[in-house]
Structure formats: structure tokens, C-alpha cells
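Novice: First the structure, which I've put down as C-alpha cells, then a few questions once you've had a look.
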Amino acid sequence: MKIMKPGGWFKWAAWLVLLLISRLPATKAATVSRDELAQAGQWFAEHFEADHGAMPFSFEYGGVSSASLLGKWPRKESEKVLDENRTQHVFEFADPDTGLVVHCVAVQYGDFPTVEWTVYFQNTGKSDTPVLEDILGMDIAMNRPAASSEYVLHHNKGGSAYQDDYQLLETTLGPAVDFSLKSFGGRPSNENLCYMNLEIPGEAKTEVLAEMPYGWWKKTRVEQLPGYGMIMAVGWPGQWSARFVRDGDKGLKIEAGQETTHFILHPGEKVRTPLMALQLYKGATVRSQNIWRQWMRDHNFPKLGGKVPVSLLEACSSPEFVEMTKATAKDEMEFTDRYIEEGLKPDYWWMDAGWYKLYENRWEFTGTWEIDSNRFPQGFKPISENAHKKGVKLLVWFEPERVAEHTWLWENHPEWLLAPKDVPVRVGWMRDWKLLNLGNPEAFRWLIDHVDAMMKENGIDLYRQDFNVDPLFFWRGGDSENRQGMTENLYVQGYLAYFDELLRRHPDMVIDSCASGGRRNDLETMRRALPFVRSDYVFEPTGQQGHMYGISQWLPFHGTGMSPVAVDWDMYHFRSTMSPNIVMGWDMRNRDLNYGLLRTWTRQWRALAPYYAGDYYPLTDWSIAENAIIAWQFDRPDLGEGMVQAFRRPDCPVEKCSFPLSGIDTARQYEICNIDLNKPVIVSGQELAQEGIGVSFEGKPSAVVMTYRAITKVAK
């Protein structure tokens, strides 16, 4: 990024801005190389096929390590082609003495340098097994080349309802470093994201450009050669941990899995490890993140109408009716109609918390999953029918796992509920709640049948599941001696099976995953649901910009809420919350709102949203400083188009800057347009890649959107 001096002056504040900006080199469109596919194939062979003990997971059984056991147990292998790009391999080991069977189900991808695996343990004997413990779904070791730089672990904060959610973090793993990451409280993206990028930078070469005798002065240039690395994901909607242990030389050991496992298995019982996904790459980390984004869209995200959605728009009345605690059927239909009347038609009408029978008029008392007949005498059928006639679908909020006192589940099925144990002070209010045990078969069957019936009877098109409780302390309350971690493991299996069965019964539906906003976005959940709200820290523009910057590395679809229109709400606020999914919450009873502007901004978002499905390139450093500029680029190489979003924060003195773009064809010309000025100019691709796209900010704060489109070959 290049900065032009504002008005000929360059005060101290501009220097601070400079410190927050990195000029990131432009790169070509992210495509998988043959070398990377071959490297992934070699990795698979080394870790799964070399010999009986060479598996990328470990455990202890009866006090003996799996490295000693697996080579002695009978082993079976099978292979199955899942589709043109995926092959499944099953490795089975069986203990002839106790009946423990270990299944490792691994998948190789033909179009991405990706390997994934999950390990299952089942007691096929007639008595309890010895203790199975310290299960690591990933247990691998590696050595970096002598000439390379030190390992660097790139990781992110989770979606914990703070302004700095999804902040990018780097940890250098030098000799003898022992570094750990984990989630907090059993929600997998609470406090830390369960996605990591381990970079092994290339050799740093120093070139002497000029020098004086006797070492008085020397000018040098350091060139960092391309490196390589691996992206890792822990797919576990529970309490995970990951550990990176360096030796004193060049070796690194990586361990990851469910944090606590120490249990016996009763006859017939089955447990599993987290899903482990590993994607190998060569070159720059920004390129690797875009290959990961492509893999997420192509092979993971659920589909709506046969395709992963590019963008979705919802509308709700929650800000006006205290969630839905004071809303009626009449209100919901009137608001839906008003959005359509004003030319702001949503894809879904959103009915949030509080539509059920309430205790003390508070939505937090969940556990009675019956529609409040006083406010909705005919259920939701009139609301869904009204919406469907106008081409709008119905989304309804549920939170079935958290159970409060005075509710139907609390009073009628205490045997289905888990009580908390050792709840820390920071979440002490959770001591008043209980947890519906999804590992209990009776509770599971009741829940799926009850919710399924409600959806069918009321015309509900999209199921939104919230989760405002840290389940770890309830899981631990359900454990007994030699069964530590068992409640969690069975619960997680039940949770995933619940989503699978909902989707089986409603094949045209997508699920919205929400856990206090953004705290349950692990890979297993993202294969079944989409995060419509990425954090419960909403509306405030600087935080929204930071959230967008950070989470876009990992998830190409996510969303947030639009602020209820206030006096100071403007285009800067609107554009700060633009993302693949947005939720409108404006008071449609107020006919004096500037609906013309709202229509214009929403139409602009609709037109720009397809770019979010492309490659993502940060153009500045991540920052939540109020005197900074933050910017990014979304590029659609398949279309030859893209956009840049740039934000000048309220205290930033910089008025103009330029951003070198990535994914640009230097042999073509591009039409560049500031969408607010609508005065296209023609620029060469070489100029865009080297000098950059120019951005001028009007006022403080300011939000600029620049689009580009390849049009012709450059004339010789």
C-alpha cells in the first residue's frame, strides 16, 4: 500500500498509520499445483501406508501406547471411491483379547492437497474394556530444512463477542517452545478458532548492495525465498486442544484432539476423535488461505438449492420487540409486508428468540418449545403463508440444548438434563441452567421428532440453532470415575446426528449455526450449517471491519446484523457491516426513514456480494485502531472481476492511498470504477499489479468501494 501525503502535510499521526500498514505483494490467482497434489499423496502414504505403527493418531489402552499395539493387532484395509475427487480409505485394527476395534476413516482429495481422517473406537466384546485414554486425533512429527526460517503458527481469536474477534495472531515456534491452543467452555470457536496455518518460511538470503571498508557502513537486502506449510483444522463441536512442541533442533511435534479422554467403554459403546483435516501448500500463506477457501466451498459448506449460497439477506423485528418477547403474528406480517413495500425484499423473514411460552417475559427461559398461543393463536402458519406468497421464506430461532428453570423440560424430564460442575466465575450465571443431554437416546428422539413436527406444521423453511451456554462444565458434571470425557463424546455424536437427521427430513433446508454468535463454527458443524451471525459483537463499525478481515481467511460465507437506523447511522456504518450474509433490523413502522438510501445501499450490496465467493486478499494489516486504514480485495478469477473495500477510520489523517492488487492479468486492461462516482477509467493490469488501484477518501470516517473488470488485451 502506498500513502500520499494529505494536503502536503505529514504529521505524527500519519506515521502511526504507517506502522499499521503492510505493503503486501501482489500474487496470481490461487490454483492448486501438481506438486502440491503429489506432496499430499506422499504425506498420505507416509502416515497411513508405511507400516502398521505409522498412523497420524495415537492413544493409550490399558496403559500401553498405540505405537506398541497397532503393529501387533490384526489389520484390515478397504478403499471406496466417493466421487470423482474423493477416495475413502478405512483402516481397521482389532484387539483379539478385549474386543476393541479401531476404525480410522481417511479421505484423500484428488483436486486439493488435502487429507482428512477420523478415528472410531468400539467395544465389540462382552465386558468393559480397559481404560482408553490420551486419545490424540492428530499426532504427527516433522523436521524443517536446515536453511529455512523458524516455524510460524498463524492462528486467530474466536468469535467471543469482542471488538477484536478473529484477530490475526502469529506465534514463532523456536527451539524448545511448547505452545498450546484450545477452546473455552466446550464451544469450539470460543476464545480461539480451531483453524491454524503452520508456515515453514523459506531461506532468508542476504545480498550486500554496497559497503565501505573496515565495516564502517553496509547496505543489504534480505530476500525471503518461498516456503511451504500446512493448514490444520480440528472438526470438533466440543472442547478441543492443540499442542506444538519443539525440540532443541529442527523438529516439531503436533498433537490435537478432544482435550480430556480417560474412559472405559461398555459393551457396544462407540466413541470417536475429532475430524482432522490437513491441507499442504507451497508458497505464500495468503495463497494457501485462498485454496482453503475454495476447498470449503467445493467440499464442505452445505448447499441451498444445489449450490453454496453466494449471499443471503434476512429481515427481522427483533430490535423493535425485545427480540420477539413482545411481538405478535400481526406485527410479524406487517413488518414483512413493509420491507417488501419499500423495495427491501429479504430472502428470509427472521423470527428470533422469545416466540415460545415465556416465564417472566424473558426469552432466556428456554425449555418450553411450544408457540405462545396468546400472541400466535394459529401458530406460525399465517406468517409463513403470508411470506411464501410474496417469495420470502421463514427462518425460526431455536435453542433446544439450554434448559432454564420453570420450563417444560425442566419440570417433566429431569432425567434428560445435565447439571453443571465447577463453573468458573467468569460464566457463573450458567450455574442456574441445565443442558439437554443429546447423548441420551430418549432425549435425542424426542427433540428431533418435536422440532421436525413444528417445522412441518408451521411452514418453517430454515432452522436456526443458538447455543448460549458453555457445555463443558455440564459434560464434566455428567462424567463418573473412569468415564472422563465420555459425556462430551456421546453428546457431540448426538449433536451431529441431530443436524444430519434434520437435514435428511428437510433436504431443501440449510441450518444457521449460532452459539452466542460465532462460537460453534468448527469444520464438522460447517459441513451441516452456515454462520449467519459471526459474532454477537455487532453494529459498531470498527469491530465489524476487523471481524470481516479475520474470518474471511477461513470461511467464505458468514454474516452479521445491520444496525437499527439511528441518527448517526450512515453509509460508513452500512458498508462496515457488508458481508456475504446480512440481517436487516430497521423499524419499518417509521415511514420517515430515508428508504431511498437504504434501497440504494442494499442494491449495491446485492451487486457486489458475488465477489465474496472469490479469492480474498488483505491489503493492509489487521487493526482496530481508530487512526488506521483497513482494506481488502475480493477477486473472482473465473469472471475477471473483483472489488476493493477500503475504510478510513475517524482519526486517520490519510486522504489518498493505492493498493497493488492480486489475481490480475498483466496482459489485459481493466475498467476501474468507484461505485459512488460511477466514472469508469481504463487502467492496465500491469499498473494495477505494480502501482495499485488508487483510492481517495472523502471525509472522516469514509468507506470506499472500487470495482474492476478485465476488458481487453493490452495493445502492443
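FYI, nothing fancy with the C-alpha cells labels: chains A, B, ... in order, residues from 1 per chain, ligands from 1 as they appear.
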Need the shell around region 376-378 of chain A: protein/DNA/RNA residues with any atom at most 8 Å away, counting only C-alpha atoms. Skip same-chain ones fewer than 4 positions apart. Format as a PyMOL selection string?
Specialist: chain A and resi 328-329+371-372+382
Novice: Pick from A:Phe179, A:Tyr708, A:Trp433, A:Tyr549: nearest to Arg246 (chain A), with only C-alpha atoms counted?
Specialist: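 For Arg246 (chain A), the nearest of the candidates is A:Phe179.
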Novice: Residues near Phe184 (chain A), anyone? I mean within 10 Å using only C-alpha atoms, not counting same-chain ones fewer than 5 positions away, as a tab-separated table (two decimals) with C-alpha atoms, in the first residue's frame.
Specialist:
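Result file is around-v1.tsv:
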chain	number	residue	atom	x	y	z
A	158	GLY	CA	-12.50	-16.81	18.09
A	160	SER	CA	-16.30	-14.30	21.58
A	189	SER	CA	-14.58	-21.33	18.24
A	190	ASN	CA	-14.94	-19.64	21.62
A	191	GLU	CA	-11.72	-17.76	22.50
A	192	ASN	CA	-9.66	-19.44	19.74
A	238	GLY	CA	-16.69	-29.61	21.81
A	239	GLN	CA	-13.60	-28.96	23.92
A	240	TRP	CA	-10.53	-29.36	21.68
A	241	SER	CA	-6.87	-28.67	22.31
A	470	ASP	CA	-20.61	-23.33	27.78
A	471	PRO	CA	-21.36	-27.07	27.83
A	472	LEU	CA	-18.01	-28.31	29.11
A	519	ARG	CA	-18.68	-19.84	18.93
Novice: Find the residues near region 71-83 of chain A: any atom within 7 Å, counting only C-alpha atoms, skip ones fewer than 4 places away on the same chain, and give them as a PyMOL selection string.
Specialist: chain A and resi 52-53+87-95
Novice: Can you check which parts of region 154-173 of chain A lie within 12 Å of region 196-204 of chain A? Per residue, the shortest pair of atoms and distance in Å to one decimal, counting only C-alpha atoms, sorted by chain and number, as CSV.
Specialist:
residue,atom,partner,partner_atom,distance
A:His154,CA,A:Asn197,CA,5.0
A:His155,CA,A:Met196,CA,5.0
A:Asn156,CA,A:Met196,CA,7.7
A:Lys157,CA,A:Met196,CA,10.7
A:Gly158,CA,A:Met196,CA,11.8
A:Leu168,CA,A:Met196,CA,10.5
A:Leu169,CA,A:Met196,CA,10.1
A:Glu170,CA,A:Asn197,CA,9.6
A:Thr171,CA,A:Leu198,CA,9.6
A:Thr172,CA,A:Glu199,CA,9.6
A:Leu173,CA,A:Leu198,CA,9.6
Novice: Those same residues - N, CA and C atoms - I'd like them written as a CSV table (one decimal), in the first residue's frame.
Specialist:
chain,number,residue,atom,x,y,z
A,154,HIS,N,0.2,-19.4,12.4
A,154,HIS,CA,-0.8,-18.4,12.2
A,154,HIS,C,-2.1,-18.9,12.7
A,155,HIS,N,-2.7,-18.1,13.6
A,155,HIS,CA,-3.9,-18.5,14.2
A,155,HIS,C,-4.8,-17.3,14.5
A,156,ASN,N,-6.0,-17.5,15.0
A,156,ASN,CA,-6.9,-16.4,15.1
A,156,ASN,C,-7.7,-16.5,16.5
A,157,LYS,N,-8.0,-15.3,17.0
A,157,LYS,CA,-9.0,-15.4,18.1
A,157,LYS,C,-10.4,-15.9,17.6
A,158,GLY,N,-11.2,-16.3,18.5
A,158,GLY,CA,-12.5,-16.8,18.1
A,158,GLY,C,-13.6,-15.7,18.1
A,168,LEU,N,-5.9,-11.6,13.9
A,168,LEU,CA,-4.8,-12.5,13.4
A,168,LEU,C,-3.7,-12.5,14.4
A,169,LEU,N,-3.2,-13.7,14.7
A,169,LEU,CA,-2.1,-13.8,15.6
A,169,LEU,C,-1.0,-14.7,15.0
A,170,GLU,N,0.2,-14.4,15.4
A,170,GLU,CA,1.4,-15.2,14.9
A,170,GLU,C,2.2,-15.6,16.1
A,171,THR,N,2.6,-16.9,16.1
A,171,THR,CA,3.5,-17.4,17.2
A,171,THR,C,4.6,-18.1,16.5
A,172,THR,N,5.9,-17.6,16.8
A,172,THR,CA,7.1,-18.3,16.3
A,172,THR,C,7.4,-19.4,17.2
A,173,LEU,N,7.6,-20.6,16.6
A,173,LEU,CA,7.8,-21.8,17.3
A,173,LEU,C,9.3,-22.1,17.3
